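Have a look at my_file_16.tsv below; it lists TSV, C-alpha atoms.
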```tsv
chain	number	residue	atom	x	y	z
Y	571	MET	CA	351.50	163.22	110.72
Y	572	SER	CA	348.11	163.47	109.02
Y	573	ARG	CA	345.09	164.67	110.98
Y	574	PRO	CA	342.14	162.28	110.50
Y	575	ASP	CA	338.71	163.86	110.29
Y	576	GLN	CA	336.60	160.70	110.54
Y	577	HIS	CA	334.73	160.00	113.76
Y	578	LEU	CA	333.70	156.38	114.15
Y	579	ALA	CA	330.23	155.50	115.39
Y	580	GLU	CA	329.48	152.89	118.03
Y	581	GLN	CA	328.52	150.29	115.43
Y	582	ASP	CA	331.90	150.82	113.73
Y	583	LEU	CA	333.69	150.07	116.98
Y	584	GLU	CA	331.68	146.89	117.45
Y	585	ARG	CA	332.61	145.85	113.93
Y	586	LEU	CA	336.32	146.50	114.43
Y	587	ASP	CA	336.71	144.99	117.91
Y	588	SER	CA	335.88	141.56	119.23
Y	589	PRO	CA	333.33	141.46	122.06
Y	590	PRO	CA	334.66	140.83	125.57
Y	591	SER	CA	334.78	137.21	126.61
Y	592	ALA	CA	332.15	135.77	128.91
Y	593	HIS	CA	334.49	135.62	131.89
Y	594	ILE	CA	335.43	139.27	131.39
Y	595	GLN	CA	331.76	140.28	131.36
Y	596	LYS	CA	331.07	138.24	134.49
Y	597	ALA	CA	334.01	139.86	136.30
Y	598	VAL	CA	332.19	143.22	136.43
Y	599	THR	CA	330.29	143.30	139.72
Y	600	PRO	CA	328.00	145.84	141.43
Y	601	GLU	CA	329.80	145.45	144.74
Y	602	LEU	CA	333.19	144.72	146.25
Y	603	ASN	CA	334.16	141.13	146.86
Y	604	ALA	CA	336.93	139.72	149.05
Y	605	PHE	CA	339.52	140.00	146.26
Y	606	HIS	CA	338.77	143.69	145.70
Y	607	VAL	CA	339.08	144.36	149.43
Y	608	GLU	CA	342.48	142.64	149.52
Y	609	TYR	CA	343.76	144.83	146.71
Y	610	LEU	CA	342.36	148.02	148.23
Y	611	ALA	CA	344.18	147.20	151.47
Y	612	LYS	CA	347.45	147.37	149.47
Y	613	ALA	CA	346.53	150.30	147.21
Y	614	THR	CA	348.68	153.43	147.46
Y	615	PHE	CA	347.67	155.33	144.30
Y	616	PHE	CA	344.69	155.94	142.04
Y	617	CYS	CA	343.47	158.48	139.50
Y	618	LEU	CA	340.10	160.11	140.14
Y	619	ALA	CA	337.96	161.05	137.13
Y	620	THR	CA	335.08	163.52	137.48
Y	621	GLY	CA	333.04	165.80	135.28
Y	622	GLY	CA	331.35	169.12	135.84
Y	623	SER	CA	329.93	172.22	134.21
Y	624	ALA	CA	333.41	173.35	133.14
Y	625	GLY	CA	334.43	169.98	131.66
Y	626	LEU	CA	336.28	166.86	132.74
Y	627	ASP	CA	339.06	166.34	135.25
Y	628	ALA	CA	341.44	163.54	136.20
Y	629	SER	CA	343.54	163.96	139.33
Y	630	PRO	CA	346.05	161.70	141.13
Y	631	ARG	CA	345.42	160.52	144.70
Y	632	GLY	CA	347.94	158.75	146.90
Y	633	GLY	CA	348.56	157.62	150.44
Y	634	PRO	CA	349.78	154.76	152.59
Y	635	PRO	CA	348.44	151.24	151.93
Y	636	GLY	CA	344.72	151.16	152.64
Y	637	PHE	CA	344.24	154.94	152.40
Y	638	VAL	CA	341.05	154.17	150.48
Y	639	ARG	CA	338.93	152.73	153.29
Y	640	VAL	CA	336.27	150.08	152.70
Y	641	LEU	CA	333.15	150.88	154.74
Y	642	ASP	CA	331.09	147.99	153.38
Y	643	ASN	CA	330.80	146.04	150.14
Y	644	ARG	CA	329.06	148.95	148.41
Y	645	THR	CA	330.91	151.91	149.94
Y	646	VAL	CA	334.49	153.23	150.09
Y	647	THR	CA	335.90	156.50	151.34
Y	648	PHE	CA	339.12	158.50	151.16
Y	649	ALA	CA	340.50	161.77	152.49
Y	650	ASP	CA	340.80	164.85	150.34
Y	651	TRP	CA	344.30	166.16	150.98
Y	652	PRO	CA	345.58	169.48	149.60
Y	653	GLY	CA	347.09	169.48	146.12
Y	654	ASN	CA	347.24	172.53	143.87
Y	655	ASN	CA	344.11	173.96	145.57
Y	656	ARG	CA	342.16	174.16	142.31
Y	657	ILE	CA	339.68	171.68	143.92
Y	658	GLU	CA	338.35	170.80	140.47
Y	659	SER	CA	337.32	167.28	141.46
Y	660	MET	CA	335.40	168.60	144.44
Y	661	ARG	CA	333.68	171.29	142.40
Y	662	ASN	CA	332.72	168.69	139.81
Y	663	LEU	CA	331.16	166.41	142.41
Y	664	THR	CA	328.88	169.21	143.57
Y	665	PHE	CA	327.58	169.38	139.98
Y	666	ASP	CA	327.68	165.70	138.92
Y	667	ASP	CA	328.29	162.99	141.51
Y	668	ARG	CA	329.51	160.38	139.02
Y	669	LEU	CA	333.18	159.42	139.31
Y	670	GLY	CA	335.72	156.82	138.25
Y	671	MET	CA	338.68	155.49	140.23
Y	672	LEU	CA	341.60	153.77	138.47
Y	673	PHE	CA	344.10	152.09	140.81
Y	674	LEU	CA	347.71	151.30	139.87
Y	675	PHE	CA	349.76	148.83	141.89
Y	676	PRO	CA	353.57	149.20	141.74
Y	677	ASP	CA	355.20	146.29	139.92
Y	678	LEU	CA	351.85	144.61	139.12
Y	679	ASP	CA	350.45	144.40	135.58
Y	680	LEU	CA	346.88	144.91	136.72
Y	681	PHE	CA	344.44	147.75	137.34
Y	682	LEU	CA	341.43	147.94	139.62
Y	683	ARG	CA	338.55	150.16	138.54
Y	684	ILE	CA	335.65	151.48	140.59
Y	685	ASN	CA	332.83	153.50	139.06
Y	686	GLY	CA	330.35	155.07	141.40
Y	687	ARG	CA	328.85	158.20	142.88
Y	688	GLY	CA	330.64	160.43	145.33
Y	689	ARG	CA	329.57	162.87	148.01
Y	690	ILE	CA	331.77	165.28	149.94
Y	691	VAL	CA	331.56	165.19	153.74
Y	692	ASP	CA	333.18	167.17	156.54
Y	693	ASP	CA	331.93	165.10	159.46
Y	694	ALA	CA	334.59	165.45	162.15
Y	695	ALA	CA	334.55	161.84	163.30
Y	696	HIS	CA	334.66	160.50	159.76
Y	697	CYS	CA	337.55	162.78	158.78
Y	698	ALA	CA	339.43	161.86	161.95
Y	699	SER	CA	339.12	158.18	161.03
Y	700	LEU	CA	341.08	158.94	157.85
Y	701	ALA	CA	343.92	160.76	159.61
Y	702	GLU	CA	347.48	160.09	158.53
Y	703	GLY	CA	349.68	160.53	161.57
Y	704	ALA	CA	348.76	163.84	163.18
Y	705	HIS	CA	347.15	165.12	159.99
Y	706	ILE	CA	343.35	165.15	159.75
Y	707	PRO	CA	341.66	166.04	156.44
Y	708	LYS	CA	339.14	168.86	156.30
Y	709	THR	CA	336.89	166.86	153.98
Y	710	ALA	CA	336.52	163.33	152.64
Y	711	ILE	CA	334.74	161.70	149.71
Y	712	VAL	CA	332.35	158.82	150.30
Y	713	VAL	CA	331.79	156.67	147.21
Y	714	ALA	CA	328.71	154.54	146.57
Y	715	VAL	CA	329.97	151.76	144.29
Y	716	ASP	CA	328.09	151.17	141.03
Y	717	GLU	CA	330.52	148.71	139.49
Y	718	VAL	CA	333.98	147.33	140.14
Y	719	LEU	CA	336.31	145.33	137.95
Y	720	PHE	CA	339.91	144.34	137.39
Y	721	HIS	CA	341.46	145.60	134.17
Y	722	CYS	CA	344.31	143.97	132.24
Y	723	GLY	CA	347.70	145.63	132.50
Y	724	LYS	CA	348.71	145.70	128.84
Y	725	ALA	CA	349.06	149.48	128.97
Y	726	VAL	CA	351.56	149.12	131.83
Y	727	LYS	CA	353.57	146.62	129.81
Y	728	ARG	CA	353.47	148.75	126.66
Y	729	GLY	CA	354.58	151.79	128.64
Y	730	ARG	CA	357.22	149.75	130.56
Y	731	LEU	CA	355.99	151.63	133.61
Y	732	TRP	CA	357.71	149.48	136.22
Y	733	ASP	CA	360.87	148.87	134.18
Y	734	PRO	CA	363.84	150.54	135.95
Y	735	ALA	CA	365.27	151.37	132.52
Y	736	SER	CA	362.23	153.61	131.91
Y	737	ARG	CA	363.04	155.96	134.76
Y	738	LEU	CA	363.60	159.49	133.52
Y	739	ASP	CA	366.62	161.59	134.30
Y	740	ARG	CA	365.24	164.56	136.22
Y	741	ASN	CA	367.49	166.87	134.22
Y	742	SER	CA	366.21	165.63	130.86
Y	743	LEU	CA	363.05	167.78	131.01
Y	744	PRO	CA	362.23	171.33	132.13
Y	745	THR	CA	361.62	171.68	135.87
Y	746	PRO	CA	358.37	173.09	137.34
Y	747	GLY	CA	360.22	176.32	138.12
Y	748	GLN	CA	361.64	176.66	134.62
Y	749	MET	CA	358.22	176.11	133.04
Y	750	LEU	CA	356.36	178.50	135.33
Y	751	ALA	CA	359.05	181.16	135.05
Y	752	ALA	CA	358.92	180.95	131.26
Y	753	MET	CA	355.13	181.19	131.20
Y	754	THR	CA	355.18	184.22	133.51
Y	755	ARG	CA	358.21	185.85	131.82
Y	756	GLN	CA	360.49	185.59	134.83
Y	757	ASP	CA	364.23	184.96	134.95
Y	758	GLN	CA	366.36	181.98	136.01
Y	759	ALA	CA	366.61	183.25	139.57
Y	760	ALA	CA	362.82	183.11	139.82
Y	761	ALA	CA	362.85	179.61	138.31
Y	762	ASP	CA	365.37	178.44	140.91
Y	763	ALA	CA	363.28	179.94	143.73
Y	764	ILE	CA	360.12	178.23	142.45
Y	765	ASP	CA	361.94	174.90	142.21
Y	766	ALA	CA	363.27	175.26	145.76
Y	767	GLN	CA	359.75	176.00	147.02
Y	768	TYR	CA	358.35	173.05	145.05
Y	769	ASP	CA	360.99	170.64	146.39
Y	770	ASN	CA	360.37	171.81	149.94
Y	771	GLY	CA	356.63	171.32	149.50
Y	772	MET	CA	357.15	167.80	148.20
Y	773	ARG	CA	359.27	166.94	151.26
Y	774	ASN	CA	357.53	168.85	154.02
Y	775	GLY	CA	354.11	170.02	152.80
Y	776	LEU	CA	352.24	166.88	151.79
Y	777	TYR	CA	349.32	167.64	154.10
Y	778	GLY	CA	349.07	171.39	153.91
```

For this file, write the structure as structure tokens.
Amino acid sequence: MSRPDQHLAEQDLERLDSPPSAHIQKAVTPELNAFHVEYLAKATFFCLATGGSAGLDASPRGGPPGFVRVLDNRTVTFADWPGNNRIESMRNLTFDDRLGMLFLFPDLDLFLRINGRGRIVDDAAHCASLAEGAHIPKTAIVVAVDEVLFHCGKAVKRGRLWDPASRLDRNSLPTPGQMLAAMTRQDQAAADAIDAQYDNGMRNGLYG
């Protein structure tokens, strides 16, 4: 495949693409409306985009329906649960508070997007309000909404994301253990041990 070296300017993009329709432009709002709140009450997954001094980051966030809590029509909040402990999103927010949230809804060909500004809090009462079962987060992110919009789901359709035929056979790709063992020059026994630890963490270590 050839490697293009041309970088299009903004005016080139405007020439190549049709402008958004009037109803699309009007659908971008500076605050949550009743429809957005209904969708957030069902949301179980979103990707969080942030940027900092070291570059950009996109990380997945998930939880039970409504894990992103609506505080008012200009503010939402969610718990920061442990992941790989790189805390890149959190570090970025201490440098640049701008963020983007892209919500996916299983079996729906639709996205919800929120762009805003986030701050990290460790207020005990606030964190306790975001508990999942007996688990209470150490910190949470409070987001001041700048704009919110629904986004068409053509990417979901092109990727056949919800099509059962698109499900991957777990054995068709290298496992986390196999990849990490190869990168650290360890043997198959080490790969198996890493995979066992990973599987146990996915079953029993979601909150720690």

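The smallest atom-to-atom distance between Ala725 (chain Y) and any of Y:Val713, Y:Ile690, Y:Leu680, Y:Ala763, using all atoms listed in the file, is found for Y:Leu680.
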
Nearest-residue call for Ala714 (chain Y), choices Y:Asp693, Y:Asp757, Y:Asp642, Y:Glu702, using all atoms listed in the file: Y:Asp642

Distance in Å - CA of Phe648 (chain Y) versus CA of Cys697 (chain Y): 8.9 Å

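Across the structure, CA of Ala698 (chain Y) and CA of Thr645 (chain Y) are spaced 17.8 Å apart.
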
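Of note, CA of Pro589 (chain Y) and CA of Leu669 (chain Y) are spaced 24.9 Å apart.
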
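Between Phe720 (chain Y) and the candidates Y:Lys708, Y:Arg639, Y:Arg644, Y:His606, the tightest atom-to-atom separation, counting all atoms listed in the file, involves Y:His606.
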
Protein/DNA/RNA residues near (348.8, 143.4, 144.9), cut 7 Å, all atoms listed in the file, as a ChimeraX atom specification: /Y:609,612,675,678

Top pick for closest residue to Arg631 (chain Y), considering Y:Ser736, Y:Gln748, Y:Gln767, Y:Ser659 and counting all atoms listed in the file: Y:Ser659

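Nearest to Phe673 (chain Y) of all the residues Y:Gly621, Y:Gly633, Y:Gly688, Y:Pro652 is Y:Gly633, counting all atoms listed in the file.
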
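The smallest atom-to-atom distance between Val598 (chain Y) and any of Y:Val712, Y:Leu641, Y:Ala695, Y:Ile684, using only C-alpha atoms, is found for Y:Ile684.
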
Spatial neighbours of Phe616 (chain Y), 12 Å, all atoms listed in the file, chain gap at least 2 places, as an MDAnalysis selection string: chainID Y and resid 610 612:614 618:619 628:638 648 670:676 681:684

Would you mind exporting the chosen residues as a PDB file, keeping the file's coordinate frame, restricted to C-alpha atoms?
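The result, written out as result30.pdb:
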```pdb
ATOM      1  CA  LEU Y 610     342.360 148.020 148.230  1.00  0.00           C
ATOM      2  CA  LYS Y 612     347.450 147.370 149.470  1.00  0.00           C
ATOM      3  CA  ALA Y 613     346.530 150.300 147.210  1.00  0.00           C
ATOM      4  CA  THR Y 614     348.680 153.430 147.460  1.00  0.00           C
ATOM      5  CA  LEU Y 618     340.100 160.110 140.140  1.00  0.00           C
ATOM      6  CA  ALA Y 619     337.960 161.050 137.130  1.00  0.00           C
ATOM      7  CA  ALA Y 628     341.440 163.540 136.200  1.00  0.00           C
ATOM      8  CA  SER Y 629     343.540 163.960 139.330  1.00  0.00           C
ATOM      9  CA  PRO Y 630     346.050 161.700 141.130  1.00  0.00           C
ATOM     10  CA  ARG Y 631     345.420 160.520 144.700  1.00  0.00           C
ATOM     11  CA  GLY Y 632     347.940 158.750 146.900  1.00  0.00           C
ATOM     12  CA  GLY Y 633     348.560 157.620 150.440  1.00  0.00           C
ATOM     13  CA  PRO Y 634     349.780 154.760 152.590  1.00  0.00           C
ATOM     14  CA  PRO Y 635     348.440 151.240 151.930  1.00  0.00           C
ATOM     15  CA  GLY Y 636     344.720 151.160 152.640  1.00  0.00           C
ATOM     16  CA  PHE Y 637     344.240 154.940 152.400  1.00  0.00           C
ATOM     17  CA  VAL Y 638     341.050 154.170 150.480  1.00  0.00           C
ATOM     18  CA  PHE Y 648     339.120 158.500 151.160  1.00  0.00           C
ATOM     19  CA  GLY Y 670     335.720 156.820 138.250  1.00  0.00           C
ATOM     20  CA  MET Y 671     338.680 155.490 140.230  1.00  0.00           C
ATOM     21  CA  LEU Y 672     341.600 153.770 138.470  1.00  0.00           C
ATOM     22  CA  PHE Y 673     344.100 152.090 140.810  1.00  0.00           C
ATOM     23  CA  LEU Y 674     347.710 151.300 139.870  1.00  0.00           C
ATOM     24  CA  PHE Y 675     349.760 148.830 141.890  1.00  0.00           C
ATOM     25  CA  PRO Y 676     353.570 149.200 141.740  1.00  0.00           C
ATOM     26  CA  PHE Y 681     344.440 147.750 137.340  1.00  0.00           C
ATOM     27  CA  LEU Y 682     341.430 147.940 139.620  1.00  0.00           C
ATOM     28  CA  ARG Y 683     338.550 150.160 138.540  1.00  0.00           C
ATOM     29  CA  ILE Y 684     335.650 151.480 140.590  1.00  0.00           C
TER      30      ILE Y 684
END
```
